[in-house]
$ cat data.json   # JSON, C-alpha atoms
[["chain", "number", "residue", "atom", "x", "y", "z"],
["A", 1, "MET", "CA", 114.95, 124.70, 46.52],
["A", 2, "PRO", "CA", 112.95, 127.88, 45.63],
["A", 3, "VAL", "CA", 109.71, 126.03, 46.43],
["A", 4, "ASP", "CA", 111.07, 124.93, 49.82],
["A", 5, "SER", "CA", 112.18, 128.47, 50.64],
["A", 6, "GLU", "CA", 108.76, 129.84, 49.71],
["A", 7, "ASP", "CA", 107.03, 127.23, 51.90],
["A", 8, "THR", "CA", 109.33, 128.07, 54.79],
["A", 9, "ALA", "CA", 108.63, 131.79, 54.41],
["A", 10, "MET", "CA", 104.88, 131.17, 54.32],
["A", 11, "ARG", "CA", 105.02, 129.00, 57.46],
["A", 12, "GLU", "CA", 107.09, 131.62, 59.25],
["A", 13, "SER", "CA", 104.62, 134.35, 58.28],
["A", 14, "LYS", "CA", 101.66, 132.30, 59.53],
["A", 15, "ARG", "CA", 103.49, 131.52, 62.76],
["A", 16, "ARG", "CA", 104.10, 135.22, 63.40],
["A", 17, "GLN", "CA", 100.47, 136.03, 62.70],
["A", 18, "ARG", "CA", 99.31, 133.40, 65.19],
["A", 19, "GLN", "CA", 101.74, 134.64, 67.82],
["A", 20, "SER", "CA", 100.66, 138.26, 67.39],
["A", 21, "ALA", "CA", 97.02, 137.19, 67.56],
["A", 22, "LEU", "CA", 97.69, 135.46, 70.87],
["A", 23, "GLU", "CA", 99.53, 138.44, 72.30],
["A", 24, "ASN", "CA", 96.95, 141.00, 71.19],
["A", 25, "THR", "CA", 93.77, 139.21, 72.24],
["A", 26, "ASP", "CA", 91.81, 141.77, 74.26],
["A", 27, "THR", "CA", 94.58, 142.85, 76.62],
["A", 28, "ASP", "CA", 92.09, 144.91, 78.70],
["A", 29, "ILE", "CA", 91.68, 143.03, 81.98],
["A", 30, "GLY", "CA", 88.79, 145.19, 83.15],
["A", 31, "LEU", "CA", 88.23, 147.29, 86.24],
["A", 32, "CYS", "CA", 88.35, 144.35, 88.63],
["A", 33, "GLY", "CA", 91.57, 143.16, 87.06],
["A", 34, "TRP", "CA", 93.27, 146.51, 87.39],
["A", 35, "LEU", "CA", 92.08, 146.69, 91.00],
["A", 36, "LEU", "CA", 93.74, 143.35, 91.74],
["A", 37, "VAL", "CA", 96.92, 144.47, 90.00],
["A", 38, "GLY", "CA", 96.96, 147.66, 92.11],
["A", 39, "ILE", "CA", 96.50, 145.65, 95.30],
["A", 40, "SER", "CA", 99.35, 143.36, 94.22],
["A", 41, "ILE", "CA", 101.64, 146.33, 93.62],
["A", 42, "LEU", "CA", 100.69, 147.83, 96.98],
["A", 43, "PHE", "CA", 101.36, 144.52, 98.72],
["A", 44, "MET", "CA", 104.77, 144.35, 97.03],
["A", 45, "LEU", "CA", 105.67, 147.87, 98.18],
["A", 46, "VAL", "CA", 104.54, 147.22, 101.74],
["A", 47, "THR", "CA", 106.53, 144.03, 102.08],
["A", 48, "LEU", "CA", 109.75, 145.37, 100.59],
["A", 49, "PRO", "CA", 112.52, 144.21, 100.62],
["A", 50, "ILE", "CA", 111.18, 140.70, 101.30],
["A", 51, "SER", "CA", 108.85, 140.74, 98.29],
["A", 52, "ILE", "CA", 111.73, 141.48, 95.94],
["A", 53, "TRP", "CA", 112.74, 137.83, 96.13],
["A", 54, "MET", "CA", 109.26, 136.82, 94.98],
["A", 55, "CYS", "CA", 109.13, 139.30, 92.10],
["A", 56, "ILE", "CA", 112.51, 138.90, 90.41],
["A", 57, "LYS", "CA", 113.01, 135.71, 88.46],
["A", 58, "ILE", "CA", 115.94, 134.39, 86.42],
["A", 59, "VAL", "CA", 115.69, 132.56, 83.11],
["A", 60, "LYS", "CA", 118.65, 130.58, 81.81],
["A", 61, "GLU", "CA", 120.21, 131.05, 78.40],
["A", 62, "TYR", "CA", 118.40, 128.05, 76.89],
["A", 63, "GLU", "CA", 115.00, 128.87, 78.43],
["A", 64, "ARG", "CA", 112.17, 131.32, 77.80],
["A", 65, "ALA", "CA", 109.44, 132.37, 80.24],
["A", 66, "ILE", "CA", 105.78, 132.90, 79.32],
["A", 67, "ILE", "CA", 104.17, 135.29, 81.84],
["A", 68, "PHE", "CA", 100.45, 135.14, 82.57],
["A", 69, "ARG", "CA", 98.77, 138.09, 84.30],
["A", 70, "LEU", "CA", 95.32, 137.16, 85.55],
["A", 71, "GLY", "CA", 95.37, 134.28, 83.06],
["A", 72, "ARG", "CA", 96.35, 136.37, 80.03],
["A", 73, "ILE", "CA", 99.67, 136.29, 78.23],
["A", 74, "LEU", "CA", 101.54, 139.58, 78.60],
["A", 75, "GLN", "CA", 102.42, 141.57, 75.52],
["A", 76, "GLY", "CA", 105.94, 141.04, 74.22],
["A", 77, "GLY", "CA", 105.80, 137.26, 74.18],
["A", 78, "ALA", "CA", 108.41, 135.11, 75.85],
["A", 79, "LYS", "CA", 110.86, 136.70, 78.26],
["A", 80, "GLY", "CA", 114.51, 135.87, 78.68],
["A", 81, "PRO", "CA", 117.20, 134.96, 78.98],
["A", 82, "GLY", "CA", 118.19, 136.89, 82.10],
["A", 83, "LEU", "CA", 116.12, 138.71, 84.74],
["A", 84, "PHE", "CA", 112.44, 139.57, 84.53],
["A", 85, "PHE", "CA", 109.89, 141.01, 86.94],
["A", 86, "ILE", "CA", 106.50, 139.60, 88.00],
["A", 87, "LEU", "CA", 103.85, 140.77, 90.41],
["A", 88, "PRO", "CA", 102.96, 138.58, 93.37],
["A", 89, "CYS", "CA", 99.53, 136.90, 93.45],
["A", 90, "THR", "CA", 98.44, 138.08, 89.98],
["A", 91, "ASP", "CA", 101.32, 136.85, 87.77],
["A", 92, "SER", "CA", 102.47, 133.35, 87.03],
["A", 93, "PHE", "CA", 104.98, 132.07, 84.50],
["A", 94, "ILE", "CA", 105.97, 128.87, 82.67],
["A", 95, "ASN", "CA", 109.54, 128.07, 81.66],
["A", 96, "VAL", "CA", 110.03, 126.53, 78.22],
["A", 97, "ASP", "CA", 113.23, 124.68, 77.28],
["A", 98, "MET", "CA", 114.45, 125.79, 73.83],
["A", 99, "ARG", "CA", 117.17, 123.15, 73.44],
["A", 100, "THR", "CA", 116.98, 120.31, 70.92],
["A", 101, "ILE", "CA", 115.17, 117.27, 72.31],
["A", 102, "THR", "CA", 115.63, 113.72, 71.03],
["A", 103, "PHE", "CA", 113.43, 110.69, 71.52],
["A", 104, "ASP", "CA", 113.23, 107.18, 70.16],
["A", 105, "ILE", "CA", 110.21, 106.03, 68.20],
["A", 106, "PRO", "CA", 109.21, 102.63, 69.65],
["A", 107, "PRO", "CA", 109.30, 99.70, 67.20],
["A", 108, "GLN", "CA", 106.19, 99.87, 65.04],
["A", 109, "GLU", "CA", 104.63, 96.81, 63.38],
["A", 110, "VAL", "CA", 103.93, 97.99, 59.84],
["A", 111, "LEU", "CA", 102.24, 96.20, 56.93],
["A", 112, "THR", "CA", 104.01, 97.31, 53.77],
["A", 113, "LYS", "CA", 102.43, 97.89, 50.40],
["A", 114, "ASP", "CA", 103.41, 94.38, 49.24],
["A", 115, "SER", "CA", 101.82, 92.78, 52.37],
["A", 116, "VAL", "CA", 104.99, 92.15, 54.38],
["A", 117, "THR", "CA", 105.00, 92.76, 58.13],
["A", 118, "VAL", "CA", 108.12, 94.56, 59.37],
["A", 119, "SER", "CA", 109.13, 96.19, 62.64],
["A", 120, "VAL", "CA", 110.68, 99.65, 62.23],
["A", 121, "ASP", "CA", 111.96, 102.13, 64.81],
["A", 122, "GLY", "CA", 113.58, 105.53, 64.51],
["A", 123, "VAL", "CA", 114.76, 108.68, 66.27],
["A", 124, "VAL", "CA", 113.43, 112.26, 66.07],
["A", 125, "TYR", "CA", 115.24, 115.53, 66.82],
["A", 126, "TYR", "CA", 113.09, 118.58, 67.50],
["A", 127, "ARG", "CA", 113.12, 121.86, 69.39],
["A", 128, "VAL", "CA", 110.67, 124.52, 70.50],
["A", 129, "GLN", "CA", 110.85, 127.36, 68.01],
["A", 130, "ASN", "CA", 108.07, 129.51, 69.45],
["A", 131, "ALA", "CA", 107.56, 129.27, 73.20],
["A", 132, "THR", "CA", 104.26, 131.19, 73.15],
["A", 133, "LEU", "CA", 102.61, 128.78, 70.72],
["A", 134, "ALA", "CA", 104.05, 125.75, 72.54],
["A", 135, "VAL", "CA", 102.37, 126.86, 75.77],
["A", 136, "ALA", "CA", 99.11, 128.37, 74.49],
["A", 137, "ASN", "CA", 98.14, 126.00, 71.67],
["A", 138, "ILE", "CA", 98.75, 122.56, 73.16],
["A", 139, "THR", "CA", 98.72, 120.93, 76.57],
["A", 140, "ASN", "CA", 101.88, 118.83, 76.22],
["A", 141, "ALA", "CA", 103.91, 119.47, 73.09],
["A", 142, "ASP", "CA", 106.45, 116.73, 73.85],
["A", 143, "ALA", "CA", 103.87, 113.95, 74.29],
["A", 144, "ALA", "CA", 101.93, 115.11, 71.23],
["A", 145, "THR", "CA", 105.07, 115.12, 69.07],
["A", 146, "ARG", "CA", 105.96, 111.60, 70.22],
["A", 147, "LEU", "CA", 102.52, 110.21, 69.38],
["A", 148, "LEU", "CA", 102.44, 112.03, 66.05],
["A", 149, "ALA", "CA", 105.86, 110.61, 65.13],
["A", 150, "GLN", "CA", 104.61, 107.05, 65.73],
["A", 151, "THR", "CA", 101.51, 107.46, 63.56],
["A", 152, "THR", "CA", 103.48, 109.28, 60.85],
["A", 153, "LEU", "CA", 106.02, 106.44, 60.72],
["A", 154, "ARG", "CA", 103.25, 103.86, 60.21],
["A", 155, "ASN", "CA", 101.47, 105.99, 57.61],
["A", 156, "VAL", "CA", 104.60, 106.67, 55.54],
["A", 157, "LEU", "CA", 105.87, 103.08, 55.60],
["A", 158, "GLY", "CA", 102.42, 101.74, 54.71],
["A", 159, "THR", "CA", 102.79, 103.31, 51.25],
["A", 160, "LYS", "CA", 106.21, 101.72, 50.56],
["A", 161, "ASN", "CA", 107.30, 98.31, 49.34],
["A", 162, "LEU", "CA", 109.79, 96.23, 51.33],
["A", 163, "ALA", "CA", 112.54, 96.93, 48.79],
["A", 164, "GLU", "CA", 111.92, 100.68, 49.05],
["A", 165, "ILE", "CA", 112.02, 100.56, 52.87],
["A", 166, "LEU", "CA", 115.36, 98.73, 52.82],
["A", 167, "SER", "CA", 116.99, 100.93, 50.17],
["A", 168, "ASP", "CA", 115.38, 104.41, 50.47],
["A", 169, "ARG", "CA", 115.75, 105.19, 54.17],
["A", 170, "GLU", "CA", 116.90, 108.76, 53.55],
["A", 171, "GLU", "CA", 113.87, 109.52, 51.38],
["A", 172, "ILE", "CA", 111.52, 108.04, 53.99],
["A", 173, "ALA", "CA", 113.20, 110.05, 56.76],
["A", 174, "HIS", "CA", 112.92, 113.27, 54.73],
["A", 175, "SER", "CA", 109.24, 112.60, 54.02],
["A", 176, "MET", "CA", 108.58, 112.00, 57.73],
["A", 177, "GLN", "CA", 110.43, 115.19, 58.67],
["A", 178, "SER", "CA", 108.37, 117.30, 56.25],
["A", 179, "THR", "CA", 105.10, 115.78, 57.46],
["A", 180, "LEU", "CA", 105.95, 116.23, 61.14],
["A", 181, "ASP", "CA", 107.23, 119.77, 60.62],
["A", 182, "ASP", "CA", 104.00, 120.81, 58.90],
["A", 183, "ALA", "CA", 101.82, 119.14, 61.55],
["A", 184, "THR", "CA", 103.69, 120.63, 64.52],
["A", 185, "ASP", "CA", 103.99, 124.14, 63.07],
["A", 186, "ASP", "CA", 100.88, 125.29, 64.96],
["A", 187, "TRP", "CA", 102.49, 124.11, 68.22],
["A", 188, "GLY", "CA", 105.66, 126.17, 67.75],
["A", 189, "ILE", "CA", 107.71, 122.98, 67.21],
["A", 190, "LYS", "CA", 110.51, 122.65, 64.65],
["A", 191, "VAL", "CA", 111.38, 119.07, 63.65],
["A", 192, "GLU", "CA", 115.06, 119.24, 62.72],
["A", 193, "ARG", "CA", 115.83, 115.64, 61.77],
["A", 194, "VAL", "CA", 114.31, 112.16, 61.52],
["A", 195, "GLU", "CA", 116.33, 108.97, 61.16],
["A", 196, "ILE", "CA", 115.27, 105.36, 60.60],
["A", 197, "LYS", "CA", 117.27, 103.24, 63.04],
["A", 198, "ASP", "CA", 116.47, 99.60, 62.29],
["A", 199, "VAL", "CA", 114.21, 97.50, 60.07],
["A", 200, "LYS", "CA", 113.49, 94.06, 61.55],
["A", 201, "LEU", "CA", 112.16, 91.37, 59.24],
["A", 202, "PRO", "CA", 110.36, 88.16, 60.28],
["A", 203, "LEU", "CA", 112.66, 85.17, 60.78],
["A", 204, "GLN", "CA", 111.09, 83.15, 57.96],
["A", 205, "LEU", "CA", 111.49, 86.07, 55.57],
["A", 206, "GLN", "CA", 115.14, 86.45, 56.57],
["A", 207, "ARG", "CA", 115.74, 82.77, 55.80],
["A", 208, "ALA", "CA", 113.96, 83.05, 52.47],
["A", 209, "MET", "CA", 115.97, 86.14, 51.48],
["A", 210, "ALA", "CA", 119.21, 84.44, 52.57],
["A", 211, "ALA", "CA", 118.36, 81.34, 50.50],
["A", 212, "GLU", "CA", 117.53, 83.52, 47.51],
["A", 213, "ALA", "CA", 120.82, 85.42, 47.83],
["A", 214, "GLU", "CA", 122.78, 82.17, 48.20],
["A", 215, "ALA", "CA", 121.11, 80.66, 45.13],
["A", 216, "SER", "CA", 121.88, 83.83, 43.17],
["A", 217, "ARG", "CA", 125.55, 83.67, 44.23],
["A", 218, "GLU", "CA", 125.79, 80.00, 43.28],
["A", 219, "ALA", "CA", 124.24, 80.70, 39.88],
["A", 220, "ARG", "CA", 126.76, 83.48, 39.23],
["A", 221, "ALA", "CA", 129.61, 81.19, 40.35],
["A", 222, "LYS", "CA", 128.50, 78.49, 37.91],
["A", 223, "VAL", "CA", 128.30, 80.99, 35.07],
["A", 224, "ILE", "CA", 131.78, 82.28, 35.87],
["A", 225, "ALA", "CA", 133.16, 78.70, 36.05],
["A", 226, "ALA", "CA", 131.54, 77.83, 32.72],
["A", 227, "GLU", "CA", 133.04, 80.92, 31.10],
["A", 228, "GLY", "CA", 136.44, 79.96, 32.50],
["A", 229, "GLU", "CA", 136.16, 76.42, 31.11],
["A", 230, "MET", "CA", 135.22, 77.83, 27.73],
["A", 231, "ASN", "CA", 138.18, 80.20, 27.68],
["A", 232, "ALA", "CA", 140.52, 77.41, 28.84],
["A", 233, "SER", "CA", 139.30, 75.06, 26.12],
["A", 234, "ARG", "CA", 139.88, 77.71, 23.48],
["A", 235, "ALA", "CA", 143.40, 78.30, 24.80],
["A", 236, "LEU", "CA", 144.11, 74.55, 24.78],
["A", 237, "LYS", "CA", 142.85, 74.30, 21.23],
["A", 238, "GLU", "CA", 145.18, 77.07, 20.12],
["A", 239, "ALA", "CA", 148.09, 75.46, 22.01],
["A", 240, "SER", "CA", 147.45, 72.08, 20.38],
["A", 241, "LEU", "CA", 147.53, 73.69, 16.95],
["A", 242, "VAL", "CA", 150.89, 75.29, 17.73],
["A", 243, "ILE", "CA", 152.36, 72.00, 19.05],
["A", 244, "ALA", "CA", 151.06, 70.10, 16.01],
["A", 245, "GLU", "CA", 153.02, 72.40, 13.73],
["A", 246, "SER", "CA", 156.33, 71.66, 15.56],
["A", 247, "PRO", "CA", 156.91, 68.12, 16.97],
["A", 248, "SER", "CA", 159.93, 69.34, 18.97],
["A", 249, "ALA", "CA", 157.60, 71.63, 20.96],
["A", 250, "LEU", "CA", 155.92, 68.54, 22.42],
["A", 251, "GLN", "CA", 159.28, 67.22, 23.67],
["A", 252, "LEU", "CA", 160.03, 70.58, 25.26],
["A", 253, "ARG", "CA", 156.65, 70.43, 26.95],
["A", 254, "TYR", "CA", 157.51, 66.97, 28.32],
["A", 255, "LEU", "CA", 160.78, 68.27, 29.75],
["A", 256, "GLN", "CA", 159.04, 71.27, 31.30],
["A", 257, "THR", "CA", 156.49, 68.99, 32.95],
["A", 258, "LEU", "CA", 159.27, 66.76, 34.36],
["A", 259, "ASN", "CA", 161.05, 69.84, 35.73],
["A", 260, "THR", "CA", 157.87, 70.96, 37.47],
["A", 261, "ILE", "CA", 157.31, 67.53, 39.03],
["A", 262, "ALA", "CA", 160.94, 67.26, 40.22],
["A", 263, "ALA", "CA", 160.77, 70.71, 41.86],
["A", 264, "GLU", "CA", 158.02, 69.46, 44.20],
["A", 265, "LYS", "CA", 160.35, 66.74, 45.68],
["A", 266, "ASN", "CA", 158.12, 63.85, 44.74],
["A", 267, "SER", "CA", 159.41, 60.29, 45.17],
["A", 268, "THR", "CA", 157.61, 59.03, 42.07],
["A", 269, "ILE", "CA", 158.17, 60.47, 38.60],
["A", 270, "ILE", "CA", 156.10, 59.37, 35.64],
["A", 271, "PHE", "CA", 157.76, 59.49, 32.22],
["A", 272, "PRO", "CA", 155.26, 59.94, 29.42],
["A", 273, "LEU", "CA", 156.02, 57.91, 26.29],
["A", 274, "PRO", "CA", 155.02, 58.90, 22.80],
["A", 275, "LEU", "CA", 152.23, 56.82, 21.27],
["A", 276, "GLU", "CA", 154.42, 56.13, 18.20],
["A", 277, "MET", "CA", 156.78, 53.99, 20.30],
["A", 278, "MET", "CA", 153.92, 51.94, 21.66],
["A", 279, "GLN", "CA", 152.56, 51.38, 18.20],
["A", 280, "SER", "CA", 155.94, 50.07, 16.99],
["A", 281, "PHE", "CA", 156.03, 47.50, 19.87],
["A", 282, "MET", "CA", 152.48, 46.43, 19.12],
["A", 283, "LYS", "CA", 153.36, 45.77, 15.48],
["A", 284, "ARG", "CA", 156.23, 43.43, 16.52]]
$ encode --input "data.json" --output "structure tokens"
Amino acid sequence: MPVDSEDTAMRESKRRQRQSALENTDTDIGLCGWLLVGISILFMLVTLPISIWMCIKIVKEYERAIIFRLGRILQGGAKGPGLFFILPCTDSFINVDMRTITFDIPPQEVLTKDSVTVSVDGVVYYRVQNATLAVANITNADAATRLLAQTTLRNVLGTKNLAEILSDREEIAHSMQSTLDDATDDWGIKVERVEIKDVKLPLQLQRAMAAEAEASREARAKVIAAEGEMNASRALKEASLVIAESPSALQLRYLQTLNTIAAEKNSTIIFPLPLEMMQSFMKR
């Protein structure tokens, strides 16, 4: 945690330095520039009150405006939310949405570390943290973030085994988030969250894994059945020793068995006969 906080502080310090460098880059627009600005102000005053509708702009709560005067970013950075003032002809502005944006990573065919081809997709949550950097440092921050997320997903999964991809999704998502956040820091983008949505395996691999799991379950079932037979045989051995010590216990067992059979409303009842009686008939 202390290391993460230090890294965050360092990134924030670098981001502020880059923003101040952009805002303080030779703000002198020259004599010709000031002449154009003066003409613009004069034109605004002459055309009042009509020009007031061209000069006053409104920025919503979730937006920021980057104002360019003769192609240069005005000091003070992004404006808004609320009202701000621009000069006609010489000023232009770009609105930047500061809300969190989500997009799906298209399914990516990835070859894992153990040479298994899988199809993985995900979702990324990000927002513009610095509107000035998002406008001045990159043409299209949204498209760049989408492409970078696709390549990062392939690069991260290429270093993992299939078992790690299936079991360590949170670790993979955290690794992707850190990589994307570091890469998009120069663009004023903050990657808030990355999630792995689905991992699709080839059909043959699914069948092989299902057969392996079924064989494993059958093996465990056989082991459990064998252990049960062993425990039952031990119990029967102990019961036979008890019955051998008391001959009357065997008769009670016969009566209990007859009671159980009669309770099931069977039409046929089998009476077991002791072997001693049969031996006496055989002798005669």
$ residues_around --input "data.json" --residues "Ala134 of chain A" --least-positions-apart "6" --cutoff "7 Å" --atoms "only C-alpha atoms" --output "short mmCIF file (atom, residue, chain, number, x, y, z; two decimals) with C-alpha atoms, in the coordinates of the input"
data_model
loop_
_atom_site.label_atom_id
_atom_site.label_comp_id
_atom_site.auth_asym_id
_atom_site.auth_seq_id
_atom_site.Cartn_x
_atom_site.Cartn_y
_atom_site.Cartn_z
CA ALA A 141 103.91 119.47 73.09
CA TRP A 187 102.49 124.11 68.22
CA GLY A 188 105.66 126.17 67.75
#
$ closest_residue --input "data.json" --among "A:Leu31, A:Val124, A:Val199, A:Met44" --to "Leu166 of chain A" --atoms "all atoms listed in the file"
A:Val199
$ residues_around --input "data.json" --residues "Lys60 of chain A" --least-positions-apart "6" --cutoff "12 Å" --atoms "all atoms listed in the file" --output "short mmCIF file (atom, residue, chain, number, x, y, z; two decimals) with C-alpha atoms, in the coordinates of the input"
data_model
loop_
_atom_site.label_atom_id
_atom_site.label_comp_id
_atom_site.auth_asym_id
_atom_site.auth_seq_id
_atom_site.Cartn_x
_atom_site.Cartn_y
_atom_site.Cartn_z
CA LYS A 79 110.86 136.70 78.26
CA GLY A 80 114.51 135.87 78.68
CA PRO A 81 117.20 134.96 78.98
CA GLY A 82 118.19 136.89 82.10
CA LEU A 83 116.12 138.71 84.74
CA PHE A 84 112.44 139.57 84.53
CA ASN A 95 109.54 128.07 81.66
CA VAL A 96 110.03 126.53 78.22
CA ASP A 97 113.23 124.68 77.28
CA MET A 98 114.45 125.79 73.83
CA ARG A 99 117.17 123.15 73.44
#
$ atom_distance --input "data.json" --atom1 "atom CA of Gly33 of chain A" --atom2 "atom CA of Asn137 of chain A"
24.0 Å
$ atom_distance --input "data.json" --atom1 "atom CA of Gly158 of chain A" --atom2 "atom CA of Glu171 of chain A"
14.2 Å
$ closest_residue --input "data.json" --among "A:Asp198, A:Asp186, A:Glu214, A:Glu192" --to "Gln108 of chain A" --atoms "all atoms listed in the file"
A:Asp198
$ atom_distance --input "data.json" --atom1 "atom CA of Pro88 of chain A" --atom2 "atom CA of Ile50 of chain A"
11.6 Å
$ closest_residue --input "data.json" --among "A:Ile189, A:Leu147, A:Cys89, A:Leu153" --to "Ala131 of chain A" --atoms "all atoms listed in the file"
A:Ile189
$ closest_residue --input "data.json" --among "A:Leu42, A:Ile105, A:Val37, A:Gly77" --to "Thr90 of chain A" --atoms "only C-alpha atoms"
A:Val37
$ closest_residue --input "data.json" --among "A:Val135, A:Ile52, A:Leu258, A:Val120" --to "Arg169 of chain A" --atoms "only C-alpha atoms"
A:Val120
$ residues_around --input "data.json" --residues "Gly71 of chain A" --least-positions-apart "3" --cutoff "10 Å" --atoms "all atoms listed in the file" --output "MDAnalysis selection string"
chainID A and resid 29 67:68 74 90:93
$ closest_residue --input "data.json" --among "A:Leu36, A:Ile196, A:Asp142, A:Gln75" --to "Pro106 of chain A" --atoms "all atoms listed in the file"
A:Ile196
$ axis_aligned_box --input "data.json" --around "segment 154-157 of chain A" --padding-each-side "5 Å" --output "lines of an AutoDock Vina configuration file"
center_x = 103.7
center_y = 104.9
center_z = 57.9
size_x = 14.4
size_y = 13.6
size_z = 14.7
$ decode --input "data.json" --residues "segment 105-121 of chain A" --atoms "N, CA, C and O atoms" --output "PDB file, in the first residue's frame"
ATOM      1  N   ILE A 105     -14.338  -4.897 -24.478  1.00  0.00           N
ATOM      2  CA  ILE A 105     -13.196  -5.358 -25.265  1.00  0.00           C
ATOM      3  C   ILE A 105     -13.677  -6.497 -26.148  1.00  0.00           C
ATOM      4  O   ILE A 105     -14.190  -7.494 -25.636  1.00  0.00           O
ATOM      5  N   PRO A 106     -13.554  -6.399 -27.460  1.00  0.00           N
ATOM      6  CA  PRO A 106     -14.017  -7.502 -28.330  1.00  0.00           C
ATOM      7  C   PRO A 106     -13.285  -8.800 -27.999  1.00  0.00           C
ATOM      8  O   PRO A 106     -12.165  -8.783 -27.467  1.00  0.00           O
ATOM      9  N   PRO A 107     -13.917  -9.946 -28.261  1.00  0.00           N
ATOM     10  CA  PRO A 107     -13.249 -11.230 -27.985  1.00  0.00           C
ATOM     11  C   PRO A 107     -11.899 -11.320 -28.693  1.00  0.00           C
ATOM     12  O   PRO A 107     -11.801 -11.085 -29.897  1.00  0.00           O
ATOM     13  N   GLN A 108     -10.877 -11.648 -27.923  1.00  0.00           N
ATOM     14  CA  GLN A 108      -9.520 -11.725 -28.434  1.00  0.00           C
ATOM     15  C   GLN A 108      -9.044 -13.177 -28.432  1.00  0.00           C
ATOM     16  O   GLN A 108      -9.137 -13.869 -27.416  1.00  0.00           O
ATOM     17  N   GLU A 109      -8.558 -13.646 -29.578  1.00  0.00           N
ATOM     18  CA  GLU A 109      -7.974 -14.984 -29.676  1.00  0.00           C
ATOM     19  C   GLU A 109      -6.556 -14.928 -29.121  1.00  0.00           C
ATOM     20  O   GLU A 109      -5.687 -14.254 -29.678  1.00  0.00           O
ATOM     21  N   VAL A 110      -6.341 -15.630 -28.007  1.00  0.00           N
ATOM     22  CA  VAL A 110      -5.070 -15.547 -27.291  1.00  0.00           C
ATOM     23  C   VAL A 110      -4.466 -16.944 -27.201  1.00  0.00           C
ATOM     24  O   VAL A 110      -5.174 -17.920 -26.914  1.00  0.00           O
ATOM     25  N   LEU A 111      -3.154 -17.032 -27.446  1.00  0.00           N
ATOM     26  CA  LEU A 111      -2.414 -18.275 -27.251  1.00  0.00           C
ATOM     27  C   LEU A 111      -1.750 -18.209 -25.879  1.00  0.00           C
ATOM     28  O   LEU A 111      -0.887 -17.371 -25.639  1.00  0.00           O
ATOM     29  N   THR A 112      -2.179 -19.079 -24.973  1.00  0.00           N
ATOM     30  CA  THR A 112      -1.674 -19.039 -23.608  1.00  0.00           C
ATOM     31  C   THR A 112      -0.243 -19.572 -23.534  1.00  0.00           C
ATOM     32  O   THR A 112       0.328 -20.031 -24.523  1.00  0.00           O
ATOM     33  N   LYS A 113       0.309 -19.503 -22.348  1.00  0.00           N
ATOM     34  CA  LYS A 113       1.682 -19.938 -22.143  1.00  0.00           C
ATOM     35  C   LYS A 113       1.852 -21.434 -22.381  1.00  0.00           C
ATOM     36  O   LYS A 113       2.924 -21.882 -22.814  1.00  0.00           O
ATOM     37  N   ASP A 114       0.808 -22.226 -22.106  1.00  0.00           N
ATOM     38  CA  ASP A 114       0.865 -23.667 -22.343  1.00  0.00           C
ATOM     39  C   ASP A 114       0.263 -24.045 -23.691  1.00  0.00           C
ATOM     40  O   ASP A 114      -0.239 -25.163 -23.867  1.00  0.00           O
ATOM     41  N   SER A 115       0.261 -23.109 -24.663  1.00  0.00           N
ATOM     42  CA  SER A 115      -0.106 -23.368 -26.066  1.00  0.00           C
ATOM     43  C   SER A 115      -1.557 -23.808 -26.218  1.00  0.00           C
ATOM     44  O   SER A 115      -1.859 -24.763 -26.946  1.00  0.00           O
ATOM     45  N   VAL A 116      -2.467 -23.125 -25.540  1.00  0.00           N
ATOM     46  CA  VAL A 116      -3.898 -23.364 -25.685  1.00  0.00           C
ATOM     47  C   VAL A 116      -4.533 -22.076 -26.210  1.00  0.00           C
ATOM     48  O   VAL A 116      -4.290 -20.992 -25.680  1.00  0.00           O
ATOM     49  N   THR A 117      -5.344 -22.209 -27.258  1.00  0.00           N
ATOM     50  CA  THR A 117      -6.003 -21.050 -27.844  1.00  0.00           C
ATOM     51  C   THR A 117      -7.346 -20.827 -27.158  1.00  0.00           C
ATOM     52  O   THR A 117      -8.200 -21.713 -27.144  1.00  0.00           O
ATOM     53  N   VAL A 118      -7.526 -19.646 -26.591  1.00  0.00           N
ATOM     54  CA  VAL A 118      -8.775 -19.284 -25.910  1.00  0.00           C
ATOM     55  C   VAL A 118      -9.253 -17.935 -26.442  1.00  0.00           C
ATOM     56  O   VAL A 118      -8.463 -17.141 -26.967  1.00  0.00           O
ATOM     57  N   SER A 119     -10.547 -17.704 -26.300  1.00  0.00           N
ATOM     58  CA  SER A 119     -11.155 -16.431 -26.689  1.00  0.00           C
ATOM     59  C   SER A 119     -11.627 -15.729 -25.417  1.00  0.00           C
ATOM     60  O   SER A 119     -12.460 -16.269 -24.685  1.00  0.00           O
ATOM     61  N   VAL A 120     -11.104 -14.545 -25.175  1.00  0.00           N
ATOM     62  CA  VAL A 120     -11.368 -13.813 -23.929  1.00  0.00           C
ATOM     63  C   VAL A 120     -11.865 -12.415 -24.278  1.00  0.00           C
ATOM     64  O   VAL A 120     -11.329 -11.760 -25.178  1.00  0.00           O
ATOM     65  N   ASP A 121     -12.895 -11.958 -23.566  1.00  0.00           N
ATOM     66  CA  ASP A 121     -13.373 -10.589 -23.709  1.00  0.00           C
ATOM     67  C   ASP A 121     -13.492  -9.967 -22.318  1.00  0.00           C
ATOM     68  O   ASP A 121     -13.416 -10.656 -21.302  1.00  0.00           O
TER      69      ASP A 121
END
